[in-house]
Amino acid sequence: MIDLSTPLSGTVRAAVTFDWGDEINLEHARQLAPSQFYSLARRPRTPSSIAYRPAPLRFHLPKATLSLASLGEIEVDAEATVFDFAAVSVALHIPFRLSAGELTRLAGSLSEAEPIVQAARRACDSLYRHLLPAIQTPAWSELSEEYFVFVLPPDDSLPSPAELVRESGGWLASLVRLEPDALSDEEIAESLRLRLSYSPKDLLILEWSAALLIDRDCEETLQTVEFANLQLLEFRHTDTRIDDQLASAYSLVHSPKGIWSPFWRTHVQPLRDLGDLKIDANSVVERTSNVLKLMGDQYLARTYRLLAEKFHLEQWAQSIHRSLQVAESVYQVLSDQAARYRTELLEVTVIVLIAIEIATAWLRHN
């Protein structure tokens, strides 16, 4: 079992994702701020076929200032990865040398993530303003997603991964749950359920809010984790937009109707907005699913699948498609209703005109 006074050195990789709009012209963005196309890090086992398509841009950001438990106020390196679908992942690199107990306290403080999110937002604010000309329909969403990875190099200060899981499961579970207090046996077992090891010396434990990675030269694993976190944000953002569209549709259904209002209610603009949103939503699902395909590297593919399971990405995608169908059916009902009212108005108008014609003819003959 690990001694809580054991000093540990490593890094907390904090990934914070934002949505900046509909799309970014990456070639234009390269001309607006210093950057480079970002390739997926790879080990010898990683096939060359696995890569970002299209490759995102990587921007170095000013250092971010954080105030963290066990570490105090520190400045950390920051960088932003910008994808063509206007999503950005900000990575904050937080080095530490702490005892195992202090690391647990640091993890517990990260459960209140708003200071980290605000620090990431400030770090990339200037970049956002520089890239505005390259962004289609720029709108920085208030939504964000954050994820923390505790990266520890395998060395003599740590027991072997197998021994850690067997003897120090409670400590590991507290880290990935961002929970400073002890957990029950059931929660410990659930927290350690999703884990991977490529060799006897490395270990990856994945939870909803954080992960533990014992490994060296593991940038490709970190990128995979950050991409899954970014995909979760894009699905949440799209689902929120659809919910807003549904709320607008319901307000039209229940809004007061005057005597004449049904006759001119065509809902052309709402239906056009829905069509645009449907295209955007389907595009987000397809593009985020296709930008990084991991077939050929079983370890990275399993890492992504486990996170996708934890984040419920498949359920989010299904929810988006169901919500679009509901919104479309609501607007179709409104459009059909308006068409029926206009038909009834036309019939009434014809009857009135005939009545006027008959009355006029009767008056002429009398």
# chains A, B, ... in the order shown; residues from 1 in each chain; ligands from 1
>>> closest_atom_pairs(of="range 69-136 of chain A", to="range 230-233 of chain A", cutoff="10 Å", atoms="only C-alpha atoms", output="JSON lines")
{"residue": "A:Phe83", "atom": "CA", "partner": "A:Leu230", "partner_atom": "CA", "distance": 9.9}
{"residue": "A:Ala87", "atom": "CA", "partner": "A:Leu230", "partner_atom": "CA", "distance": 7.3}
{"residue": "A:Val88", "atom": "CA", "partner": "A:Leu230", "partner_atom": "CA", "distance": 7.6}
{"residue": "A:Ser89", "atom": "CA", "partner": "A:Leu230", "partner_atom": "CA", "distance": 6.6}
{"residue": "A:Val90", "atom": "CA", "partner": "A:Leu230", "partner_atom": "CA", "distance": 9.9}
>>> select_by_dssp(residues="range 121-336 of chain A", states="strand (DSSP E or B)", output="MDAnalysis selection string")
chainID A and resid 135:136 145:152 195:196 203:206 210:214 292
>>> select_by_dssp(residues="range 1-150 of chain A", states="alpha helix (DSSP H)", output="PyMOL selection string")
chain A and resi 26-32+100-109+114-131
>>> closest_residue(among="A:Arg241, A:His130, A:Lys201, A:Arg364", to="Ser160 in chain A", atoms="only C-alpha atoms")
A:Lys201
>>> residues_around(residues="Arg236 in chain A", least_positions_apart="6", cutoff="10 Å", atoms="only C-alpha atoms", output="PyMOL selection string")
chain A and resi 143-145+230+242+313+316-317+320
>>> residues_around(residues="Glu167 in chain A", least_positions_apart="6", cutoff="12 Å", atoms="only C-alpha atoms", output="list of chain:residue names")
A:Met1, A:Ile2, A:Asp3, A:Leu158, A:Pro159, A:Ser160, A:Pro161, A:Ala173, A:Ile188
>>> closest_residue(among="A:Gln298, A:Thr104, A:Thr224, A:Gln31", to="Ala182 in chain A", atoms="only C-alpha atoms")
A:Thr104
>>> closest_residue(among="A:Val225, A:Leu103, A:Leu175, A:Leu164", to="Thr303 in chain A", atoms="only C-alpha atoms")
A:Val225
>>> atom_distance(atom1="CA of Lys310 in chain A", atom2="CA of Phe59 in chain A")
29.0 Å
>>> closest_residue(among="A:Val285, A:Ile279, A:Ile354, A:Leu196", to="Leu307 in chain A", atoms="only C-alpha atoms")
A:Leu196
>>> closest_residue(among="A:Asp77, A:His312, A:Ser157, A:Ser39", to="Ala119 in chain A", atoms="only C-alpha atoms")
A:Asp77
